[in-house]
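For reference, the structure discussed in these notes is given below.
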Amino acid sequence: MGTTMHVRRRAAFTMSVLMLALFCLIGRLAWIQIVKGPELSAKAIAQWMREIPVEPKRGIIYDRNNNELAISASADTVVALPAQIKPEEAPATAAKLAEILNMDADRVLELITRKRAAVYVARKVDPEIARAIRELELPGITFAEESRRYYPYGNLASQVIGFAGIDSQGLYGIEVKYDEYLRGKSGYLQYPTDNRGQEIPTGTPSYIPPQDGYNVHLTIDQVIQHIVERELDNLMAMHNAESATAIVMDPHTGAILAMANRPDFDPNDFMAAVRETGSQSVWLNQAISGGFEPGSTFKVITATAGLEQGIVSEDSLYFDKGYELVAGHRLHCWRRTGHGQQTFLEVMQNSCNPGFVDVGLKLGADTMLDYVKRFGFGQKTGIDLPGEAVGVMFNKVGPVELATMSFGQGPSVTPIQQVVAMAAIANGGKLVRPYVMESIRDLDGTIIKQTEPEVVRQVTSPEIAARMRAMLESVVADGGGRNAYIPGFRVAGKTGTAQVPRPGGGYYPNKYIASFSGFAPADDPKIAVFVSIHDPKGKYGYYGANVAGPAFRNMAEDILYYLDVQPQTEATSVQAQSIVVPDLVGQSSAQALESLRDTGLNVRIDGHGAKILDQAPKAGVKVPPGSTVIVFMGEKPPSAGEPVAVPDVVGLSLRDASVKLSAAGLQIQAVGSGIATKQQPAPDTVIPAGSVVTVHFSP
C-alpha cells in the first residue's frame, strides 16, 4: 500500500512537471508567434529579402502660365549587389565599369566588393552610359530608377528657383523653401535571396511604388522674366557693371512677376559658376539679400511724410543755395551752385538734397523713423524665399544722421523693400506682402495650399498717395526721370544714385549704385519695377537717370504691351472722341498734371520755373485721347518800368541776392562782400522794373 502510494505520488509529480513544461513551451510558442511574431518576421524578411529604394519624382515647378521651370526626368543609377559578384570576377567587372563610367578602377572595385546588400556605383547616369552597361550583362550589376532634376530654361530665374541635390533634396531657392511638398515619398523594390545573398530565381519580387511630389505654381511669368533678364544682360554689357538686379511686382497683390540678378548661374550645373568664380555668392538672390544705400529713391519716404504731416505742399517754396549746413557739416546738392528758388515739386523733380534735408529736419527724428518703419524698411517683407535680409537703419539719429537719411544716405535697404515701398504709393497707400508661390497642387490639380494677397498695413492715406503719384509722374515728365518716359503711357518713378560705402567707413570715391524705382501706368498701375546697377562704368556715367532710367523704360514698355495694356496714344482719332485741350498757361506743373489727369491726355514739361508760360497744342484745340500736351515752364520777367516789389535779400550771399533780385526784374549794386546786411530800397518797396537796388555785404 505504501509503495503504491509512493509510486502514484511520483507519477503525479512527474506529470505535473511535464504539464508545467508543456504549458511553458506553449506560452513560449505563443509569445514568439503572437507577441514577437511581427518583429521576428520582419527580421527574417530582412535576412532573406534585398531592398532597392525607388526615388519619387520631384514635383514640377511652373510659372503663372503653366510653363515648366523645373521638372524631373527618369534616370538610371548603377547599383552593385556584392553578394552576386564572384571574388575572382570582381576586378574584371570593376575595370569594365570604370572604363564606361570614366571612374578610377580601384574605386569601382572597392564599391562592388563592400559587405553590403546593395551599393550605388554611379548615380543618375546618362542614357547612353546605362545602355552600354546593360549590354555587358555583368553579374551582380543592376539598375535603380531615380529622377534627375532638369531646368528647361537654364539660367532663367535661377536664384529664385534654386536647385536640388543628387538625392533630389532642395538646396536653394524655391526648391528648398517648398521641399517638403516637392520631394514626395520614396518607394522600394524587394526580391528574395538565399543564404549567400544570391537572388532566388523562383522568388516573387514585390514593388512598393513611390509617391511623387506636389507641383508648385509660381507668380513668376516666364515672358516677363525673359524681358527683365534681357535688359540686365544689356546693362552689364553696356555699362561694364559689377552686378545688376531687377524686380517686377503687381503693386496691388504683391505677386512677383519677375526677379533677376546678374551675375547668375545655370542650375543644371550649379557648381560650374562656383568653379569659375571661386565663390558660392553667385547663388545668392541679391534682390532679397543684397543691402545697399538707396540714395534718392528713398526721398519718396521723406516727401510722403512731409506732405502728410503738413510740413510741405507741392507749391511750398525753398531756396537752394547748393547746400545745407547741419551741425557744422555742409551737405551739398548734386548741383554745387544750387537750384535757386524752387517749389517742393521742383525739389522732387531736381532731386535736390538740401530741399529734402530741410523737410527731414522739420519732421524730426521720431516722425521720420516712424515713416521709415511704416514703409517696411529695417524689417523683412516676409517674401516666401530663403535668405531675406532686413537692411540696416541708424541706431542713433542725430541731426546729421537725420539729414542724410532724408535723401537716402546712411540706411541700408534691399531691392525687395524698395519695390514694396514704391508699390504702396502706386496702390493707394497699402503696404502689401510680396510672394512668389501662387499655389501648391497634387497630381490631380487639387489645390493643397494657396497664397492669398495680404495687406500688411496702410502706410499713408489714399489722398497723400495720389499726390505722391502726381509728383512722381512729374519727375518722369519734367525731372531726372525723363529717360524712363514711355510714349503713350503715364509713368511715375524716381531715380537714385548712391555712393558705395567702404568696409572700414567712408565711401569709395568712384563707386556708385544707380537705380530707378517706379510704376506704370501712373493713373492705373499694373506693374511696379525696381532696377539697380552696381558700379556702372563707361561713357554713360553712373547716374540713375542715365543708367537705370532707360533700363526701366525698356523693361516696362515691353511688359505693358505683353500684358495687353494699351497705350493711350493708340486710341481712335474719330472727331466724336476727341478731347479739347484745356488752358494751362499760368498754372504750376502740379496743377497742369491735375488738370490733365482725368482727360486722358499726357503732359510733357519743357524748361524750368514755377509757372507755365505757353503750351502746345494751344487751349481749345481738339486732339485724340492719349495725346501729349507740351507745356513750357518759366517766370516771365516784368517789362521795364512795370511796378515791382523789392524782395528781401538780407542774410543772403552775393550770388543768392543777385539771383533773387534778377528774378524780380531788378538790378543789384553790391557794396562789400560776404552776407547781405542791409539794402536800399527797403523790402516790399514798389519801384519800376529795371531799377537798381543797393545791397551792403559784410564778412
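Letters for chains follow the order of the C-alpha cells (A, B, ...), residue numbers begin at 1 for each chain, and ligand numbers begin at 1 in the order shown.
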
Check which residues of region 253-272 of chain A sit at most 10 Å from region 440-462 of chain A using only C-alpha atoms, and return one row each with the closest pair of atoms and their distance in Å to one decimal, ordered by chain and rising number, as a Markdown table.
```
| residue | atom | partner | partner_atom | distance |
| --- | --- | --- | --- | --- |
| A:Thr253 | CA | A:Pro453 | CA | 5.1 |
| A:Gly254 | CA | A:Pro453 | CA | 6.6 |
| A:Ala255 | CA | A:Pro453 | CA | 7.8 |
```

Export N, CA and C atoms of the chosen residues as a compact mmCIF listing (two decimals), in the first residue's frame?
```
# COMPACT_ATOMS: atom_id res chain seq x y z
N THR A 253 -1.34 93.28 -55.47
CA THR A 253 -1.38 91.99 -54.77
C THR A 253 -0.07 91.60 -54.11
N GLY A 254 1.06 92.12 -54.61
CA GLY A 254 2.37 91.70 -54.10
C GLY A 254 2.95 90.53 -54.86
N ALA A 255 2.24 90.02 -55.89
CA ALA A 255 2.75 88.90 -56.68
C ALA A 255 3.98 89.32 -57.45
```

For this session: Tell me, as number ranges by chain, which residues lie within 7 Å of Val121 (chain A), counting only C-alpha atoms; anything in the same chain fewer than 2 positions away does not count.
Result: A: 78-80, 108, 111, 119, 123

Keeping only C-alpha atoms, write the selected residues to a file as a PDB file, in the first residue's frame.
```pdb
ATOM      1  CA  VAL A  78      24.113  51.861 -61.469  1.00  0.00           C
ATOM      2  CA  VAL A  79      23.788  49.517 -58.456  1.00  0.00           C
ATOM      3  CA  ALA A  80      26.127  46.697 -57.406  1.00  0.00           C
ATOM      4  CA  VAL A 108      34.877  50.896 -58.505  1.00  0.00           C
ATOM      5  CA  LEU A 111      32.499  49.788 -54.125  1.00  0.00           C
ATOM      6  CA  VAL A 119      25.881  49.731 -53.277  1.00  0.00           C
ATOM      7  CA  ARG A 123      24.038  57.978 -59.629  1.00  0.00           C
TER       8      ARG A 123
END
```

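Between Gly391 (chain A) and the residues A:Gly291, A:Gly310, A:Gly428, A:Gly544, the shortest atom-to-atom distance, using only C-alpha atoms, involves A:Gly291.
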
Seminar exercise, completed: Residue with the minimum atom-to-atom distance to Asp179 (chain A), picked from A:Tyr561, A:Tyr214, A:Phe319, A:Phe375 with only C-alpha atoms counted, is A:Tyr214

Problem set entry | Backbone-only DSSP, helix (DSSP H, G or I) members of region 305-529 of chain A, as JSON, numbers by chain | {"A": [305, 306, 307, 308, 344, 345, 346, 347, 348, 349, 350, 353, 354, 355, 356, 357, 358, 359, 360, 361, 362, 363, 365, 366, 367, 368, 369, 370, 371, 372, 373, 374, 399, 400, 401, 402, 403, 404, 405, 406, 415, 416, 417, 418, 419, 420, 421, 422, 423, 424, 425, 426, 462, 463, 464, 465, 466, 467, 468, 469, 470, 471, 472, 473, 474, 475, 476, 477, 478, 482, 483, 484]}

Problem set entry | Near-Ser147 (chain A) list (7 Å; only C-alpha atoms; drop same-chain fewer than 6 positions) as a ChimeraX atom specification | /A:55-57,72-75

Do a neighbour search on Gly338 (chain A) at 6 Å with only C-alpha atoms, toss out local chain neighbours closer than 6 positions, and write the hits as a PDB file with C-alpha atoms, in the first residue's frame.
```
ATOM      1  CA  ASP A 320      18.531 126.119 -52.751  1.00  0.00           C
ATOM      2  CA  LYS A 321      21.922 127.735 -52.381  1.00  0.00           C
ATOM      3  CA  GLY A 322      23.689 124.452 -53.154  1.00  0.00           C
TER       4      GLY A 322
END
```

For this session: Excluding Glu229 (chain A) and any residue of its chain fewer than 3 positions from it, enumerate the residues within 9 Å of it, using only C-alpha atoms, and give them as a PyMOL selection string.
Result: chain A and resi 156-157+224-226+232-234+246+258-262

Exercise. Using only C-alpha atoms, which residues sit within 8 Å of region 468-484 of chain A once same-chain residues fewer than 4 positions away are excluded, as a count of residues only?
Worked result: 35

Where does region 385-459 of chain A meet region 362-374 of chain A within 10 Å, residue by residue, with the nearest atom pair and distance in Å to one decimal for each, counting only C-alpha atoms, listed by chain and rising number, as CSV?
```
residue,atom,partner,partner_atom,distance
A:Met393,CA,A:Leu369,CA,9.0
A:Phe394,CA,A:Leu369,CA,9.2
A:Lys396,CA,A:Ala365,CA,9.6
A:Val397,CA,A:Ala365,CA,6.6
A:Gly398,CA,A:Ala365,CA,7.7
A:Pro399,CA,A:Ala365,CA,8.0
A:Glu401,CA,A:Ala365,CA,9.0
A:Leu402,CA,A:Ala365,CA,6.1
A:Ala403,CA,A:Ala365,CA,9.2
A:Met405,CA,A:Met368,CA,8.8
A:Ser406,CA,A:Met368,CA,8.0
A:Pro411,CA,A:Val372,CA,10.0
A:Ala421,CA,A:Arg374,CA,9.2
A:Leu431,CA,A:Arg374,CA,8.4
A:Val456,CA,A:Arg374,CA,9.7
A:Arg457,CA,A:Arg374,CA,7.9
A:Gln458,CA,A:Arg374,CA,8.2
A:Val459,CA,A:Arg374,CA,5.5
```

Using only C-alpha atoms, which residues sit within 6 Å of region 434-437 of chain A once same-chain residues fewer than 2 positions away are excluded, as an mmCIF file with C-alpha atoms, in the first residue's frame?
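Contents of the output file result_36.cif:
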```cif
data_model
loop_
_atom_site.group_PDB
_atom_site.id
_atom_site.type_symbol
_atom_site.label_atom_id
_atom_site.label_comp_id
_atom_site.auth_asym_id
_atom_site.auth_seq_id
_atom_site.Cartn_x
_atom_site.Cartn_y
_atom_site.Cartn_z
ATOM 1 C CA LEU A 218 4.741 80.413 -59.087
ATOM 2 C CA THR A 219 3.656 84.002 -59.719
ATOM 3 C CA GLY A 254 2.365 91.699 -54.102
ATOM 4 C CA ALA A 255 2.746 88.898 -56.675
ATOM 5 C CA ILE A 256 6.306 88.849 -58.037
ATOM 6 C CA ILE A 383 8.542 87.147 -49.005
ATOM 7 C CA ASP A 384 8.466 83.349 -49.253
ATOM 8 C CA SER A 439 -0.384 77.603 -55.228
#
```

Exercise. Taking into account only C-alpha atoms, which residue in the set A:Glu99, A:Glu324, A:Asp648, A:Asp76 is nearest to Ala676 (chain A)?
Worked result: A:Asp648

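Among the candidate residues A:Glu145, A:Met633, A:His6, A:Gly295, the one lying nearest to Pro501 (chain A) is A:Gly295, with distances computed using only C-alpha atoms.
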
For this session: Grab the CA of Ile71 (chain A) to CA of Ser186 (chain A) distance for me, in Å with one decimal place.
Result: 17.3 Å

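Each of A:Gly278, A:Arg230, A:Ser595, A:Gln342 was checked against Lys611 (chain A) using only C-alpha atoms; the smallest atom-to-atom distance is that of A:Gln342.
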
Exercise. Using only C-alpha atoms, which of A:Tyr151, A:Phe143, A:Tyr120, A:Tyr188 sits nearest Ile61 (chain A)?
Worked result: A:Tyr151

Exercise. Quick one: DSSP strand (DSSP E) residues in region 640-670 of chain A, as a PyMOL selection string?
Worked result: chain A and resi 643-645+667-670

Okay, now the selection with N, CA and C atoms, as a PDB file, in the first residue's frame?
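The result, written out as part-v2.pdb:
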```pdb
ATOM      1  N   PRO A 643       5.702 148.218 -62.368  1.00  0.00           N
ATOM      2  CA  PRO A 643       5.908 148.268 -60.915  1.00  0.00           C
ATOM      3  C   PRO A 643       6.179 146.872 -60.340  1.00  0.00           C
ATOM      4  N   VAL A 644       7.214 146.771 -59.511  1.00  0.00           N
ATOM      5  CA  VAL A 644       7.537 145.502 -58.847  1.00  0.00           C
ATOM      6  C   VAL A 644       7.880 145.784 -57.398  1.00  0.00           C
ATOM      7  N   ALA A 645       7.679 144.790 -56.550  1.00  0.00           N
ATOM      8  CA  ALA A 645       8.012 144.917 -55.126  1.00  0.00           C
ATOM      9  C   ALA A 645       9.433 144.435 -54.911  1.00  0.00           C
ATOM     10  N   GLN A 667      18.050 145.162 -60.775  1.00  0.00           N
ATOM     11  CA  GLN A 667      19.499 145.029 -60.846  1.00  0.00           C
ATOM     12  C   GLN A 667      20.086 145.223 -59.455  1.00  0.00           C
ATOM     13  N   ILE A 668      21.319 144.748 -59.273  1.00  0.00           N
ATOM     14  CA  ILE A 668      21.962 144.850 -57.966  1.00  0.00           C
ATOM     15  C   ILE A 668      23.241 145.670 -58.060  1.00  0.00           C
ATOM     16  N   GLN A 669      23.462 146.518 -57.033  1.00  0.00           N
ATOM     17  CA  GLN A 669      24.740 147.208 -56.864  1.00  0.00           C
ATOM     18  C   GLN A 669      25.294 146.742 -55.536  1.00  0.00           C
ATOM     19  N   ALA A 670      26.370 145.929 -55.589  1.00  0.00           N
ATOM     20  CA  ALA A 670      26.913 145.320 -54.380  1.00  0.00           C
ATOM     21  C   ALA A 670      27.974 146.202 -53.764  1.00  0.00           C
TER      22      ALA A 670
END
```
